[in-house]
Structures are given as structure tokens and as C-alpha cells.
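Structure file entry-v2.txt (compact mmCIF, C-alpha atoms and all ligand atoms) follows.
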# COMPACT_ATOMS: atom_id res chain seq x y z
CA MET T 391 6.58 -20.74 7.92
CA ARG T 392 9.99 -21.11 6.31
CA THR T 393 12.54 -18.44 7.24
CA TYR T 394 15.15 -17.20 4.75
CA LEU T 395 18.28 -15.32 5.68
CA VAL T 396 19.33 -13.33 2.63
CA THR T 397 22.71 -11.59 2.72
CA GLY T 398 23.28 -8.56 0.47
CA GLY T 399 19.55 -8.21 -0.13
CA ALA T 400 19.82 -4.44 -0.63
CA GLY T 401 21.98 -4.94 -3.71
CA PHE T 402 20.96 -5.55 -7.30
CA ILE T 403 20.35 -9.30 -7.46
CA GLY T 404 19.47 -9.69 -3.78
CA SER T 405 16.66 -7.12 -3.94
CA ASN T 406 15.27 -8.65 -7.13
CA TYR T 407 15.43 -12.08 -5.46
CA ILE T 408 13.49 -10.79 -2.42
CA HIS T 409 10.81 -9.34 -4.69
CA TYR T 410 10.67 -12.57 -6.67
CA MET T 411 10.30 -14.68 -3.52
CA PHE T 412 7.50 -12.53 -2.07
CA ARG T 413 5.71 -12.60 -5.43
CA LYS T 414 6.00 -16.38 -5.52
CA TYR T 415 5.41 -17.36 -1.89
CA GLY T 416 3.59 -14.32 -0.42
CA ASP T 417 3.10 -14.52 3.33
CA THR T 418 4.01 -18.20 3.52
CA ILE T 419 7.68 -17.27 3.94
CA ARG T 420 9.64 -14.87 6.11
CA ILE T 421 12.77 -13.07 4.88
CA ILE T 422 15.51 -11.54 7.01
CA ASN T 423 17.77 -9.36 4.91
CA VAL T 424 21.23 -8.70 6.35
CA ASP T 425 23.24 -6.03 4.57
CA CYS T 426 25.81 -3.48 5.76
CA LEU T 427 24.78 -1.02 3.01
CA THR T 428 27.98 -0.34 1.11
CA TYR T 429 27.81 2.10 -1.82
CA ALA T 430 26.03 -0.76 -3.70
CA GLY T 431 23.34 -1.39 -1.10
CA ASN T 432 20.20 0.68 -1.39
CA LEU T 433 17.16 0.24 0.82
CA GLU T 434 15.08 2.15 -1.71
CA ASN T 435 15.18 -1.11 -3.69
CA LEU T 436 12.96 -2.65 -1.01
CA LYS T 437 10.66 0.25 -0.16
CA ASP T 438 7.55 -1.65 -1.21
CA VAL T 439 8.21 -4.57 1.17
CA GLU T 440 9.77 -2.77 4.13
CA ASN T 441 6.57 -2.65 6.17
CA GLN T 442 5.54 -6.26 5.57
CA PRO T 443 5.40 -8.22 8.85
CA ASN T 444 7.26 -11.13 7.21
CA TYR T 445 10.23 -8.95 6.15
CA THR T 446 13.02 -7.78 8.48
CA PHE T 447 16.10 -5.75 7.65
CA VAL T 448 19.21 -6.10 9.81
CA LYS T 449 22.06 -3.70 9.17
CA ALA T 450 25.19 -5.75 9.82
CA ASP T 451 28.48 -6.67 8.23
CA ILE T 452 28.79 -10.35 7.32
CA CYS T 453 32.36 -10.23 8.66
CA ASP T 454 30.94 -9.45 12.11
CA SER T 455 30.67 -12.94 13.55
CA ALA T 456 28.84 -11.84 16.72
CA ALA T 457 26.16 -9.97 14.74
CA ILE T 458 25.59 -12.90 12.36
CA THR T 459 25.51 -15.47 15.18
CA LYS T 460 22.94 -13.32 16.99
CA ILE T 461 20.62 -13.53 13.95
CA PHE T 462 20.88 -17.33 13.99
CA ASP T 463 20.38 -17.44 17.78
CA GLU T 464 17.25 -15.32 17.63
CA ASN T 465 15.66 -16.94 14.58
CA ASP T 466 15.13 -20.47 13.33
CA ILE T 467 16.71 -20.00 9.91
CA ASP T 468 15.80 -22.61 7.27
CA ARG T 469 17.52 -21.21 4.20
CA VAL T 470 20.55 -18.99 3.72
CA VAL T 471 20.99 -17.33 0.33
CA HIS T 472 24.38 -15.69 0.38
CA PHE T 473 24.63 -12.81 -2.10
CA ALA T 474 26.60 -10.26 -0.05
CA ALA T 475 29.85 -9.45 -1.79
CA GLU T 476 31.98 -6.74 -3.24
CA SER T 477 30.97 -7.28 -6.84
CA HIS T 478 32.69 -4.88 -9.22
CA VAL T 479 35.82 -6.08 -11.03
CA ASP T 480 37.20 -2.57 -11.64
CA ARG T 481 36.99 -1.73 -7.95
CA SER T 482 38.78 -5.00 -7.10
CA ILE T 483 41.68 -3.99 -9.32
CA LYS T 484 42.02 -0.73 -7.39
CA ASN T 485 41.33 -2.06 -3.91
CA PRO T 486 41.54 -5.85 -3.54
CA GLU T 487 41.63 -5.98 0.29
CA VAL T 488 37.95 -5.35 0.89
CA PHE T 489 37.13 -8.05 -1.67
CA VAL T 490 39.12 -10.65 0.28
CA LYS T 491 37.61 -9.47 3.53
CA THR T 492 33.96 -9.60 2.46
CA ASN T 493 33.99 -12.32 -0.18
CA VAL T 494 36.30 -14.76 1.62
CA LEU T 495 36.23 -13.99 5.35
CA GLY T 496 32.58 -12.88 5.25
CA THR T 497 31.64 -16.15 3.56
CA LEU T 498 33.54 -18.08 6.22
CA VAL T 499 31.60 -16.24 8.94
CA MET T 500 28.31 -17.13 7.22
CA LEU T 501 29.31 -20.79 6.85
CA ASN T 502 30.43 -21.06 10.47
CA ALA T 503 27.33 -19.36 11.86
CA ALA T 504 24.99 -21.59 9.83
CA LYS T 505 27.00 -24.71 10.73
CA ALA T 506 26.91 -23.87 14.45
CA ALA T 507 23.15 -23.27 14.32
CA TRP T 508 22.27 -26.35 12.28
CA GLU T 509 24.74 -29.02 13.45
CA LEU T 510 23.51 -31.75 15.81
CA PRO T 511 25.67 -33.32 18.55
CA ASP T 512 26.44 -36.36 16.33
CA GLY T 513 27.80 -34.14 13.54
CA SER T 514 24.76 -34.51 11.28
CA PHE T 515 22.56 -31.52 10.45
CA LYS T 516 18.99 -30.59 11.33
CA GLU T 517 16.52 -31.60 8.63
CA ASP T 518 15.69 -29.34 5.70
CA LYS T 519 18.29 -26.63 6.35
CA LYS T 520 20.08 -25.31 3.28
CA PHE T 521 22.78 -22.78 2.42
CA LEU T 522 23.31 -21.43 -1.09
CA TYR T 523 26.45 -19.60 -2.20
CA VAL T 524 25.83 -17.29 -5.15
CA SER T 525 28.94 -17.64 -7.27
CA THR T 526 29.87 -16.38 -10.70
CA ASP T 527 31.02 -17.72 -14.07
CA GLU T 528 34.14 -15.58 -13.62
CA VAL T 529 35.65 -18.24 -11.33
CA TYR T 530 36.26 -20.34 -14.46
CA GLY T 531 38.52 -17.72 -16.05
CA SER T 532 38.27 -16.77 -19.69
CA LEU T 533 37.37 -18.52 -22.96
CA ASP T 534 38.66 -17.73 -26.42
CA ASP T 535 36.27 -16.79 -29.23
CA GLY T 536 35.73 -20.46 -30.21
CA ASP T 537 32.83 -22.82 -29.69
CA ASN T 538 33.57 -23.75 -26.06
CA TYR T 539 31.73 -23.31 -22.77
CA PHE T 540 32.08 -23.35 -19.01
CA TYR T 541 30.74 -26.57 -17.45
CA GLU T 542 30.46 -27.37 -13.74
CA THR T 543 33.59 -29.49 -14.20
CA THR T 544 35.67 -26.71 -15.80
CA PRO T 545 38.73 -26.09 -13.58
CA PHE T 546 38.82 -22.76 -11.76
CA SER T 547 41.13 -20.14 -13.22
CA PRO T 548 40.07 -16.73 -11.85
CA HIS T 549 42.00 -13.73 -13.15
CA SER T 550 40.82 -10.66 -11.26
CA PRO T 551 40.95 -10.04 -7.51
CA TYR T 552 37.13 -10.09 -7.64
CA SER T 553 36.89 -13.51 -9.27
CA ALA T 554 39.73 -14.90 -7.13
CA SER T 555 37.90 -13.81 -3.97
CA LYS T 556 34.60 -15.25 -5.23
CA ALA T 557 36.38 -18.51 -6.13
CA SER T 558 37.76 -18.68 -2.58
CA GLY T 559 34.29 -18.29 -1.01
CA ASP T 560 33.00 -20.82 -3.52
CA MET T 561 35.69 -23.38 -2.63
CA LEU T 562 35.19 -22.83 1.10
CA THR T 563 31.50 -23.64 0.67
CA LYS T 564 32.34 -26.82 -1.25
CA ALA T 565 34.93 -27.70 1.41
CA TYR T 566 32.22 -27.45 4.09
CA PHE T 567 30.17 -30.00 2.19
CA ASP T 568 33.15 -32.30 1.58
CA THR T 569 34.37 -32.06 5.18
CA TYR T 570 31.20 -31.81 7.25
CA LYS T 571 28.42 -32.74 4.78
CA PHE T 572 27.19 -29.20 5.45
CA PRO T 573 23.90 -28.86 3.48
CA CYS T 574 24.75 -26.47 0.69
CA ASN T 575 24.69 -25.71 -3.01
CA ILE T 576 26.66 -23.39 -5.22
CA THR T 577 25.32 -21.62 -8.29
CA SER T 578 27.65 -20.06 -10.88
CA CYS T 579 25.80 -17.48 -12.87
CA SER T 580 26.63 -15.37 -15.89
CA ASN T 581 26.16 -11.57 -16.12
CA ASN T 582 22.80 -10.34 -14.89
CA TYR T 583 20.82 -7.29 -15.99
CA GLY T 584 17.49 -5.78 -14.96
CA PRO T 585 15.87 -3.31 -12.52
CA PHE T 586 17.84 -1.86 -9.58
CA GLN T 587 21.25 -2.50 -11.14
CA PHE T 588 23.86 -0.04 -9.97
CA PRO T 589 24.98 2.19 -12.86
CA GLU T 590 28.65 1.25 -12.73
CA LYS T 591 27.75 -1.97 -14.60
CA LEU T 592 27.57 -1.93 -18.39
CA ILE T 593 23.83 -1.99 -19.13
CA PRO T 594 22.54 0.63 -16.64
CA LEU T 595 25.63 2.76 -17.31
CA VAL T 596 24.89 2.84 -21.03
CA ILE T 597 21.16 3.51 -20.52
CA ASN T 598 21.83 6.32 -18.06
CA ASN T 599 24.64 7.98 -19.99
CA ALA T 600 22.95 7.70 -23.40
CA LEU T 601 19.80 9.40 -22.10
CA GLN T 602 21.95 12.33 -20.96
CA GLY T 603 24.14 12.47 -24.06
CA LYS T 604 27.21 11.50 -22.03
CA PRO T 605 30.10 9.37 -23.38
CA LEU T 606 29.63 5.61 -23.43
CA PRO T 607 33.00 4.19 -22.35
CA VAL T 608 33.94 0.91 -24.05
CA TYR T 609 36.97 -1.08 -22.94
CA GLY T 610 39.58 -2.16 -25.51
CA ASP T 611 38.11 -3.23 -28.86
CA GLY T 612 34.64 -3.70 -27.37
CA LYS T 613 34.60 -7.34 -28.45
CA ASN T 614 34.73 -8.98 -25.03
CA VAL T 615 31.83 -11.39 -24.79
CA ARG T 616 29.49 -11.90 -21.85
CA ASP T 617 26.46 -14.16 -21.51
CA TRP T 618 23.55 -12.00 -20.28
CA LEU T 619 20.70 -13.25 -18.10
CA TYR T 620 17.60 -11.35 -16.97
CA VAL T 621 17.76 -11.08 -13.18
CA ASP T 622 14.33 -12.64 -12.50
CA ASP T 623 15.47 -15.78 -14.31
CA HIS T 624 18.44 -15.92 -11.94
CA ALA T 625 16.18 -15.50 -8.90
CA LYS T 626 13.99 -18.35 -10.13
CA ALA T 627 17.03 -20.57 -10.70
CA ILE T 628 18.32 -19.96 -7.17
CA ASP T 629 14.97 -20.91 -5.68
CA MET T 630 14.74 -24.05 -7.84
CA VAL T 631 18.28 -25.14 -6.95
CA GLN T 632 17.55 -24.72 -3.26
CA GLU T 633 14.36 -26.74 -3.46
CA LYS T 634 15.32 -29.39 -6.03
CA GLY T 635 19.12 -29.45 -6.21
CA LYS T 636 21.22 -32.29 -4.90
CA LEU T 637 23.14 -31.15 -1.81
CA GLY T 638 26.82 -30.46 -2.36
CA GLU T 639 26.30 -29.86 -6.09
CA ARG T 640 27.18 -26.87 -8.21
CA TYR T 641 24.79 -25.64 -10.93
CA ASN T 642 25.73 -23.31 -13.77
CA ILE T 643 23.13 -20.68 -14.65
CA GLY T 644 23.30 -18.84 -17.97
CA GLY T 645 21.20 -17.03 -20.50
CA HIS T 646 22.26 -18.68 -23.78
CA ASN T 647 22.78 -15.09 -24.79
CA GLU T 648 26.36 -14.29 -25.69
CA LYS T 649 26.97 -10.76 -26.86
CA GLN T 650 30.00 -8.56 -27.39
CA ASN T 651 29.98 -5.43 -25.24
CA ILE T 652 29.79 -3.26 -28.34
CA GLN T 653 26.76 -5.23 -29.57
CA ILE T 654 25.04 -4.61 -26.23
CA ILE T 655 25.64 -0.88 -26.61
CA HIS T 656 24.18 -0.81 -30.12
CA ILE T 657 21.13 -2.83 -29.01
CA ILE T 658 20.51 -0.40 -26.14
CA LEU T 659 20.87 2.65 -28.40
CA ASP T 660 18.46 1.16 -30.98
CA THR T 661 15.97 0.15 -28.29
CA LEU T 662 16.08 3.60 -26.67
CA GLN T 663 15.40 5.20 -30.08
CA GLU T 664 12.47 2.84 -30.57
CA MET T 665 11.00 3.37 -27.10
CA LEU T 666 11.43 7.12 -26.67
CA PRO T 667 8.36 8.96 -28.00
CA ASP T 668 8.76 11.41 -30.88
CA GLY T 669 9.40 14.90 -29.55
CA ASP T 670 11.17 13.66 -26.42
CA PRO T 671 14.35 15.79 -26.24
CA ARG T 672 16.39 12.77 -25.09
CA LYS T 673 15.85 11.17 -28.51
CA GLU T 674 18.26 13.70 -30.02
CA LEU T 675 20.94 12.81 -27.46
CA VAL T 676 20.91 9.04 -27.97
CA SER T 677 23.53 8.37 -30.62
CA ASP T 678 26.37 5.99 -31.46
CA LYS T 679 28.59 9.09 -31.62
CA LEU T 680 28.70 8.84 -27.81
CA ILE T 681 30.68 5.57 -27.99
CA THR T 682 34.16 6.27 -26.59
CA TYR T 683 36.84 3.59 -26.63
CA VAL T 684 38.98 3.69 -23.47
CA THR T 685 42.13 1.84 -22.34
CA ASP T 686 41.30 -1.80 -21.76
CA ARG T 687 40.67 -3.13 -18.24
CA LYS T 688 43.80 -4.76 -16.80
CA GLY T 689 43.66 -8.55 -17.31
CA HIS T 690 40.31 -8.22 -19.10
CA ASP T 691 38.77 -11.68 -19.63
CA ARG T 692 37.87 -12.19 -23.28
CA ARG T 693 34.79 -14.33 -23.16
CA TYR T 694 32.47 -15.98 -20.65
CA ALA T 695 29.91 -18.53 -21.84
CA ILE T 696 27.94 -20.81 -19.58
CA ALA T 697 26.56 -24.21 -20.47
CA PRO T 698 23.44 -24.47 -18.28
CA ASP T 699 22.78 -28.09 -19.36
CA LYS T 700 22.95 -29.66 -15.90
CA ILE T 701 20.40 -27.34 -14.27
CA LYS T 702 18.04 -27.93 -17.20
CA ALA T 703 18.41 -31.71 -17.14
CA GLU T 704 18.30 -32.19 -13.35
CA ILE T 705 16.08 -29.35 -12.17
CA GLY T 706 14.13 -28.22 -15.22
CA TRP T 707 15.31 -24.60 -15.17
CA TYR T 708 16.03 -22.73 -18.40
CA PRO T 709 16.34 -19.00 -19.22
CA GLU T 710 12.83 -17.77 -20.04
CA THR T 711 13.38 -14.11 -20.89
CA MET T 712 14.65 -13.41 -24.41
CA PHE T 713 17.22 -10.61 -24.43
CA GLU T 714 15.09 -8.34 -26.65
CA GLU T 715 12.23 -8.61 -24.14
CA GLY T 716 14.48 -8.30 -21.06
CA ILE T 717 16.25 -5.20 -22.30
CA LYS T 718 12.91 -3.49 -23.07
CA LYS T 719 11.63 -4.31 -19.59
CA THR T 720 14.85 -2.97 -18.09
CA ILE T 721 14.75 0.28 -20.07
CA GLN T 722 11.07 0.75 -19.24
CA TRP T 723 11.94 0.30 -15.55
CA PHE T 724 14.67 2.95 -15.77
CA PHE T 725 12.22 5.31 -17.57
CA GLU T 726 9.79 4.86 -14.67
CA HIS T 727 12.43 5.21 -11.93
CA GLU T 728 14.34 8.34 -12.85
CA ASP T 729 14.44 9.36 -9.17
CA TRP T 730 16.11 6.08 -8.23
CA MET T 731 18.84 6.72 -10.78
CA LYS T 732 19.25 10.36 -9.65
CA ASN T 733 19.62 9.34 -6.01
CA VAL T 734 22.09 6.61 -6.80
CA THR T 735 24.23 8.72 -9.09
CA SER T 736 24.40 11.72 -6.77
CA GLY T 737 26.35 10.02 -3.98
CA ASP T 738 29.59 8.11 -3.61
CA TYR T 739 29.19 6.52 -7.00
CA GLN T 740 29.48 9.90 -8.65
CA LYS T 741 32.90 10.52 -7.05
CA TYR T 742 34.05 7.02 -7.98
CA TYR T 743 32.90 7.45 -11.57
CA GLU T 744 34.72 10.78 -11.96
CA GLU T 745 37.92 9.28 -10.53
CA MET T 746 37.61 6.18 -12.68
CA TYR T 747 37.29 7.94 -15.99
CA LYS T 748 39.13 11.23 -15.37
CA ASN T 749 42.25 10.18 -17.30
CA LYS T 750 40.55 8.18 -20.03
P1 LIG Q 1 25.75 -5.70 -5.59
O1 LIG Q 1 27.12 -5.11 -5.51
O2 LIG Q 1 24.68 -4.99 -6.32
O3 LIG Q 1 25.19 -5.98 -4.12
C1 LIG Q 1 25.98 -6.47 -3.10
C2 LIG Q 1 25.26 -6.22 -1.78
O4 LIG Q 1 26.06 -6.78 -0.72
C3 LIG Q 1 25.06 -4.74 -1.46
O5 LIG Q 1 23.75 -4.52 -0.99
C4 LIG Q 1 26.09 -4.48 -0.36
O6 LIG Q 1 25.70 -3.45 0.54
C5 LIG Q 1 26.15 -5.83 0.32
N1 LIG Q 1 27.42 -6.04 1.03
C6 LIG Q 1 28.68 -5.86 0.54
N2 LIG Q 1 29.59 -6.12 1.49
C7 LIG Q 1 28.89 -6.52 2.59
C8 LIG Q 1 29.26 -6.94 3.89
N3 LIG Q 1 30.54 -7.00 4.25
N4 LIG Q 1 28.29 -7.25 4.77
C9 LIG Q 1 26.98 -7.17 4.43
N5 LIG Q 1 26.57 -6.78 3.21
C10 LIG Q 1 27.51 -6.46 2.30
O7 LIG Q 1 25.98 -7.16 -6.19
P2 LIG Q 1 25.06 -8.02 -7.16
O8 LIG Q 1 25.36 -7.66 -8.55
O9 LIG Q 1 23.66 -7.95 -6.68
O10 LIG Q 1 25.65 -9.47 -6.90
C11 LIG Q 1 25.15 -10.27 -5.83
C12 LIG Q 1 25.93 -11.56 -5.78
O11 LIG Q 1 25.81 -12.25 -7.03
C13 LIG Q 1 27.44 -11.37 -5.55
O12 LIG Q 1 27.87 -12.39 -4.70
C14 LIG Q 1 28.03 -11.53 -6.95
O13 LIG Q 1 29.34 -12.03 -6.88
C15 LIG Q 1 27.08 -12.55 -7.56
N6 LIG Q 1 26.95 -12.50 -9.02
C16 LIG Q 1 26.66 -11.32 -9.63
C17 LIG Q 1 26.48 -11.29 -11.01
C18 LIG Q 1 26.09 -10.03 -11.74
O14 LIG Q 1 26.02 -10.02 -12.96
N7 LIG Q 1 25.81 -8.95 -11.06
C19 LIG Q 1 26.64 -12.47 -11.75
C20 LIG Q 1 26.96 -13.66 -11.08
C21 LIG Q 1 27.09 -13.66 -9.71

Serialized structure, C-alpha cells:
Amino acid sequence: MRTYLVTGGAGFIGSNYIHYMFRKYGDTIRIINVDCLTYAGNLENLKDVENQPNYTFVKADICDSAAITKIFDENDIDRVVHFAAESHVDRSIKNPEVFVKTNVLGTLVMLNAAKAAWELPDGSFKEDKKFLYVSTDEVYGSLDDGDNYFYETTPFSPHSPYSASKASGDMLTKAYFDTYKFPCNITSCSNNYGPFQFPEKLIPLVINNALQGKPLPVYGDGKNVRDWLYVDDHAKAIDMVQEKGKLGERYNIGGHNEKQNIQIIHIILDTLQEMLPDGDPRKELVSDKLITYVTDRKGHDRRYAIAPDKIKAEIGWYPETMFEEGIKKTIQWFFEHEDWMKNVTSGDYQKYYEEMYKNK
């Protein structure tokens, strides 16, 4: 039975990945989820798997070398999928230190622990052990509004403390391959959306606020472009890269779905109107009058656009979920999980949100 060590599995993408993997492999795999449960980690995301004998949760900080080493000592780990990170750009602008700590030093701890567990006395590595670093398209910097894309060969040019810290973890992982032939891959993915996404990110924020008739904050002119990918497609890509990717290689993952932020907001408002039944009082609240332009994010990247040609050609992965379908599935999920949203928005996030927008 193959054993996976997933870091940050209580977060948005990590929890979707764990669900995806259990759906795909059932009881033929074992997953250990290590997460220190920051404001973004929520064990409710994994309620339906928590009692499975092949699932274990370990509450630990990835910067805690002793705790991570203990997991490797006590388990024969075959795959590491490293999601754990501070992930929100706005928070990194306010408080960069924790981003460097988790995203750089935490990644180093993970690399060192896996290397120590997997390395043989002659410097080679045990067979069939693999580490995957989940990186982001933001490491490449920003594109203009032209017809150009990020490729795996695009030089790094991160602009925010978040993307700079992710780029550092990314480069450390590549350095471990170049230096030690450490068995790893890196995936650089575009913006994800789907179930369990914390409502500080654009899509769940807009869904949640629109349903309550609250303002929909839009940075700058609203024309910043992101390439959106349904989270299950990302989970599938990660699994395919780990099983079919060439070690040491980076693979870009993207949705072929570039949209301006303001377009996303209009699509969500139209879809909510379409999906809410007649007579539902929330239908009255959902309106483009809620759109509120706010001061632009500092150093706001204009456009991200991924060319996922390599992963398609070498591995056969391509984005399967059309945006129209993915956004309906996401909205339906939020309709069915109002309690999840209430719980998440009643805690720390609420204080952060008030602070964030109080002067806007
Ligand atoms: P998230 O913020 O929802 O989840 C992060 C998880 O990591 C949380 O469960 C949190 O508790 C945990 N964590 C944070 N610091 C930790 C620490 N020191 N020790 C242990 N656990 C810790 O993030 P996400 O959106 O699910 O992103 C997951 C990964 O994917 C990140 O590495 C992110 O950079 C990358 N990524 C995200 C996107 C996106 O659109 N969300 C796109 C590309 C890449």
C-alpha cells in the first residue's frame, strides 16, 4: 500500500486533493495529512474521511523539523505532496515574515526530512520515492495584456512577498534535484476555484457577499486577468505528474480560461440569478450594484496566463472542466454548505476582513 504524506491537507486545494485521491484509489493508498491549522486550515473539510483507517491527521508545523522527522521515522512514506503554505497575497503584503518562515524554511524542512529518510549510503535514493512541490504561476511575475504566456522556461520574476517566498521554495526544490538528484517534481498552477475555498479569495468572496447583499470589492479597474482552473483538475494533474512526470522537471498547469476579475464577478452574479429559485429572498440581493471599486492592491500583477502545453504533450493532462460548468458546481456546493461558510466566516477571518476593508 503506497503511503502519501500531504502537507497543508486541511486547506482548500489539499483537502480537495485528498478527496480526489480517495475517490480514485480507495483503500489501496494511505494518506497522512500534516497541517498546523492556521486560519486557512479547516478539519471540517475532511469530516467524511476522518474515520477511515487509511487516513491519519497529524497536527504539526512544517517548520518543526523534529515533528516532521518523526513522521518519516514512524512511516514508510512513498510520496510527499507539499501544499502547506501561507497563500494569500494581501496577507503577505501586510505580514511577509510568516510567508518566508512557512514557504521557504518550512519547505527546506520538508526537503531535508524526505532526503534523510530516502537517501541511501551511496547518495542515491530508495526506489519509487517522490516529492512534489506545489508552486504557482505567480513565480513568473506578470504579463501585459498581449498574446503571451508563461512557459516552464519563463524566467522567475515574483513581485509580491507571497510569490517571492513561493519562488524560493520552488528553487530550493529544484536545487535539491540539481545537487543531490533528489526525486522531485514541481508544478506551477494558475488560480484555482471550487469547494472548500476560503472566502478571502475572489470567487467564494463574491458568492458569499452577493448572497448577503454585501459589497463586492474590486481592486483597481477590475481588469487584472487570471487563468482559472477547477480544483479537481489540479488534483488530477498533480497525481499524473507524480506518476508519469520526468523527475526534476517542472510542469505548468492551467485552465485555458483567462478572465478579468470584473468578468468573473459578472459571471457569478448571472449564474446566481439563474440558479436561485424564484421567490428566494436572496435573488433580490444579488445585483451588480454591489460592485465596489477599491484602491488597487500594492504591486498588483496585471495578467497571469499559463501555457500548459508540456503537461499535455508529455503526460496527457488537460483541463477538463469548462468554466461555466465549474462555477455552477462551485455555487451549488456553497448552496449546500451554508454551515461551512458560516463557521469559516465567524472566526479569525471575520476580524481580518473587517480590518482589511475598513478604510476602503
Ligand atoms: P490554503 O491557504 O487554503 O491552505 C494552506 C494550508 O496549509 C492550510 O490548511 C494551513 O493550515 C496549512 N499551513 C499553513 N502554514 C503551515 C505550517 N507552517 N505548517 C503546516 N501547515 C501549514 O492554500 P491553498 O489555496 O489550498 O494552496 C495550497 C498550495 O497551492 C499552496 O502552496 C499555494 O501556494 C499553492 N497554489 C495555490 C493556488 C490557488 O489558486 N489557491 C494556485 C497555485 C498554487

Padding of 8 Å on every side, edges along x, y and z, all listed atoms of ligand LIG 1 (chain Q) included: what centre and edge lengths in Å, to one decimal, does that box have, as lines of an AutoDock Vina configuration file?
center_x = 27.1
center_y = -8.6
center_z = -4.1
size_x = 22.9
size_y = 26.2
size_z = 33.7

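Candidate residues T:Ile593, T:Leu666, T:Leu562, T:Ala474 were compared for distance to ligand LIG 1 (chain Q), and the nearest is T:Ala474, using only C-alpha atoms and all ligand atoms.
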
Pick the closest to Glu440 (chain T) from T:Ile408, T:Ile467, T:Leu522, T:Ile461: which is it, counting only C-alpha atoms? T:Ile408

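Here CA of Phe586 (chain T) stands at a distance of 9.5 Å from CA of Ala400 (chain T).
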
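Pairwise distance (CA of Tyr541 (chain T), CA of Tyr641 (chain T)) equals 8.9 Å.
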
Nearby residues, ligand LIG 1 (chain Q), 6 Å, only C-alpha atoms and all ligand atoms, as a PyMOL selection string: chain T and resi 398-404+425-428+430-431+450-453+473-477+492+524-526+579-582

Show me, as a tab-separated table, the residues of region 409-442 of chain T having an atom within 12 Å of region 620-624 of chain T, each with the closest atom pair and its distance in Å, using only C-alpha atoms.
residue	atom	partner	partner_atom	distance
T:His409	CA	T:Asp622	CA	9.2
T:Tyr410	CA	T:Asp622	CA	6.9
T:Met411	CA	T:Asp622	CA	10.1
T:Arg413	CA	T:Asp622	CA	11.1
T:Lys414	CA	T:Asp622	CA	11.5

Just want the 8 Å neighbourhood of region 554-557 of chain T, counted on all atoms listed in the file, with same-chain residues fewer than 6 positions away dropped. Output as a list in words. Phe489, Val490, Asn493, Val494, Ser525, Thr526, Val529, Phe546 and Pro548 of chain T

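The residue set within 9 Å of region 698-708 of chain T, counting all atoms listed in the file and dropping same-chain residues fewer than 5 places from it, reads Phe540, Tyr541, Glu542, Asp623, Lys626, Ala627, Met630, Val631, Lys634, Gly635, Lys636, Tyr641, Asn642, Ile643, Gly644, Gly645 and His646 of chain T.
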
Please compute the CA of Leu533 (chain T)-CA of Gln632 (chain T) distance, one decimal, in Å. 28.6 Å
